[in-house]
file query_37.cif (mmCIF, C-alpha atoms)
data_protein
loop_
_atom_site.label_atom_id
_atom_site.label_comp_id
_atom_site.auth_asym_id
_atom_site.auth_seq_id
_atom_site.Cartn_x
_atom_site.Cartn_y
_atom_site.Cartn_z
CA MET A 55 0.24 -16.77 -3.53
CA ALA A 56 3.22 -15.77 -1.46
CA THR A 57 2.71 -12.92 0.95
CA LEU A 58 4.66 -9.80 1.72
CA ALA A 59 4.16 -7.45 4.63
CA GLY A 60 0.82 -5.74 4.26
CA LEU A 61 -0.61 -7.98 1.55
CA ASP A 62 -2.21 -10.28 4.08
CA LEU A 63 -4.19 -7.27 5.31
CA LEU A 64 -5.83 -6.73 1.91
CA PRO A 65 -9.51 -7.59 1.58
CA GLU A 66 -10.08 -10.90 -0.21
CA ASP A 67 -11.69 -9.11 -3.16
CA SER A 68 -8.87 -6.56 -3.60
CA ILE A 69 -7.71 -6.24 -7.20
CA LEU A 70 -4.14 -6.00 -5.87
CA ARG A 71 -4.33 -9.71 -4.96
CA THR A 72 -4.25 -10.50 -8.70
CA PHE A 73 -0.75 -9.03 -9.04
CA HIS A 74 2.48 -10.81 -8.13
CA PRO A 75 3.14 -10.20 -4.41
CA ALA A 76 6.32 -8.21 -5.15
CA VAL A 77 4.43 -5.91 -7.55
CA ALA A 78 1.44 -5.51 -5.22
CA GLY A 79 3.78 -4.89 -2.29
CA TRP A 80 5.62 -2.13 -4.18
CA PHE A 81 2.29 -0.55 -5.10
CA LEU A 82 1.10 -0.57 -1.49
CA ARG A 83 4.35 0.94 -0.23
CA ARG A 84 4.19 3.68 -2.87
CA PHE A 85 0.41 4.24 -2.71
CA PRO A 86 -0.75 3.23 0.78
CA GLU A 87 -4.22 4.62 0.09
CA GLY A 88 -4.67 1.86 -2.51
CA PRO A 89 -5.74 1.90 -6.14
CA THR A 90 -7.76 4.72 -7.64
CA GLU A 91 -11.20 4.08 -9.10
CA PRO A 92 -9.87 4.11 -12.71
CA GLN A 93 -7.24 1.52 -11.70
CA ARG A 94 -9.78 -0.74 -9.98
CA ALA A 95 -12.07 -0.54 -13.00
CA ALA A 96 -9.43 -0.95 -15.72
CA TRP A 97 -7.02 -3.57 -14.33
CA PRO A 98 -9.35 -6.56 -14.71
CA ARG A 99 -10.11 -5.56 -18.30
CA ILE A 100 -6.46 -4.94 -19.16
CA MET A 101 -5.49 -8.31 -17.65
CA THR A 102 -7.83 -10.11 -20.07
CA GLY A 103 -5.77 -8.77 -22.96
CA GLY A 104 -8.52 -6.77 -24.60
CA ASP A 105 -8.44 -3.20 -25.79
CA VAL A 106 -8.98 -0.69 -23.00
CA LEU A 107 -9.39 3.08 -23.03
CA VAL A 108 -8.95 4.75 -19.64
CA ALA A 109 -10.32 8.28 -19.54
CA SER A 110 -10.10 10.12 -16.24
CA PRO A 111 -8.76 13.39 -14.85
CA THR A 112 -5.05 14.11 -14.55
CA GLY A 113 -3.49 12.60 -11.45
CA THR A 114 -5.76 9.56 -11.19
CA GLY A 115 -3.09 7.04 -12.17
CA LYS A 116 -3.94 6.33 -15.81
CA THR A 117 -0.34 5.81 -16.90
CA LEU A 118 0.43 3.47 -14.01
CA THR A 119 -2.85 1.67 -14.73
CA GLY A 120 -1.47 0.49 -18.05
CA PHE A 121 2.12 0.04 -17.00
CA LEU A 122 1.54 -1.93 -13.80
CA VAL A 123 -0.07 -4.83 -15.68
CA ALA A 124 2.90 -4.86 -18.07
CA ILE A 125 5.37 -4.69 -15.18
CA ASP A 126 3.55 -7.56 -13.48
CA ALA A 127 3.68 -9.67 -16.65
CA ALA A 128 7.40 -8.95 -17.11
CA TYR A 129 8.10 -9.80 -13.47
CA ARG A 130 6.21 -13.09 -13.78
CA ALA A 131 7.97 -13.97 -17.05
CA GLN A 132 11.36 -13.34 -15.46
CA ALA A 133 10.40 -15.40 -12.41
CA ARG A 134 9.43 -18.32 -14.70
CA SER A 135 12.73 -18.27 -16.60
CA VAL A 136 15.30 -20.87 -15.67
CA PRO A 137 18.64 -19.39 -14.52
CA GLY A 138 21.46 -20.28 -16.89
CA SER A 139 19.15 -21.56 -19.63
CA GLU A 140 18.17 -20.19 -23.01
CA ARG A 141 14.54 -19.92 -21.86
CA ARG A 142 14.78 -16.25 -21.04
CA PRO A 143 12.23 -13.78 -22.43
CA THR A 144 13.54 -11.95 -25.50
CA GLY A 145 12.37 -8.88 -27.36
CA PRO A 146 9.90 -6.27 -26.23
CA GLY A 147 7.20 -7.46 -23.88
CA VAL A 148 4.99 -4.42 -24.25
CA VAL A 149 4.50 -1.44 -26.53
CA TYR A 150 2.80 1.40 -24.70
CA VAL A 151 1.70 4.56 -26.50
CA SER A 152 1.16 7.51 -24.20
CA PRO A 153 0.49 11.21 -24.85
CA LEU A 154 3.84 12.24 -23.41
CA ARG A 155 3.49 15.76 -24.77
CA ALA A 156 0.44 16.22 -22.56
CA LEU A 157 2.55 15.28 -19.54
CA ALA A 158 5.33 17.76 -20.31
CA PRO A 159 5.45 20.99 -18.28
CA THR A 160 4.51 24.11 -20.20
#

call {"tool": "encode", "arguments": {"input": "query_37.cif", "output": "structure tokens"}}
result
Amino acid sequence: MATLAGLDLLPEDSILRTFHPAVAGWFLRRFPEGPTEPQRAAWPRIMTGGDVLVASPTGTGKTLTGFLVAIDAAYRAQARSVPGSERRPTGPGVVYVSPLRALAPT
């Protein structure tokens, strides 16, 4: 795995090591305190492709928990595509249903 600044400082068992270095690096820059407990628990299950329900208090990163795996997969798919060829990903890569109304200010 390629390294970016800061990733080489992660513990060997860090769940962030399973993400593409660019995705993990962004996460660490944005959230230097690291993943929340719901993220650490859910990411391995989400990455297997099974159904996952993440229930935790507001502000614990549930939405990003689901989206970061999808962002990682899209980043990896784009990185695998051959420039100038027809082998580019097409169509939606993820459908994410979120209770957006619950996130709206009242």

call {"tool": "atom_distance", "arguments": {"input": "query_37.cif", "atom1": "CA of His74 in chain A", "atom2": "CA of Pro111 in chain A"}}
result
27.5 Å

call {"tool": "residues_around", "arguments": {"input": "query_37.cif", "residues": "Glu91 in chain A", "least_positions_apart": "4", "cutoff": "10 Å", "atoms": "only C-alpha atoms", "output": "number ranges by chain"}}
result
A: 95-96, 110, 114-115

call {"tool": "atom_distance", "arguments": {"input": "query_37.cif", "atom1": "CA of Pro89 in chain A", "atom2": "CA of Arg130 in chain A"}}
result
20.6 Å

call {"tool": "closest_residue", "arguments": {"input": "query_37.cif", "among": "A:Gly147, A:Phe73, A:Trp97, A:Pro86", "to": "Leu118 in chain A", "atoms": "all atoms listed in the file"}}
result
A:Trp97

call {"tool": "closest_residue", "arguments": {"input": "query_37.cif", "among": "A:Phe85, A:Ala78, A:Val108, A:Arg134", "to": "Leu122 in chain A", "atoms": "all atoms listed in the file"}}
result
A:Ala78

call {"tool": "closest_residue", "arguments": {"input": "query_37.cif", "among": "A:Ala127, A:Ala133, A:Val149, A:Val106", "to": "Thr72 in chain A", "atoms": "all atoms listed in the file"}}
result
A:Ala127

call {"tool": "closest_residue", "arguments": {"input": "query_37.cif", "among": "A:Arg94, A:Gly120, A:Arg84, A:Arg99", "to": "Ser68 in chain A", "atoms": "all atoms listed in the file"}}
result
A:Arg94

call {"tool": "atom_distance", "arguments": {"input": "query_37.cif", "atom1": "CA of Arg71 in chain A", "atom2": "CA of Ala124 in chain A"}}
result
15.7 Å
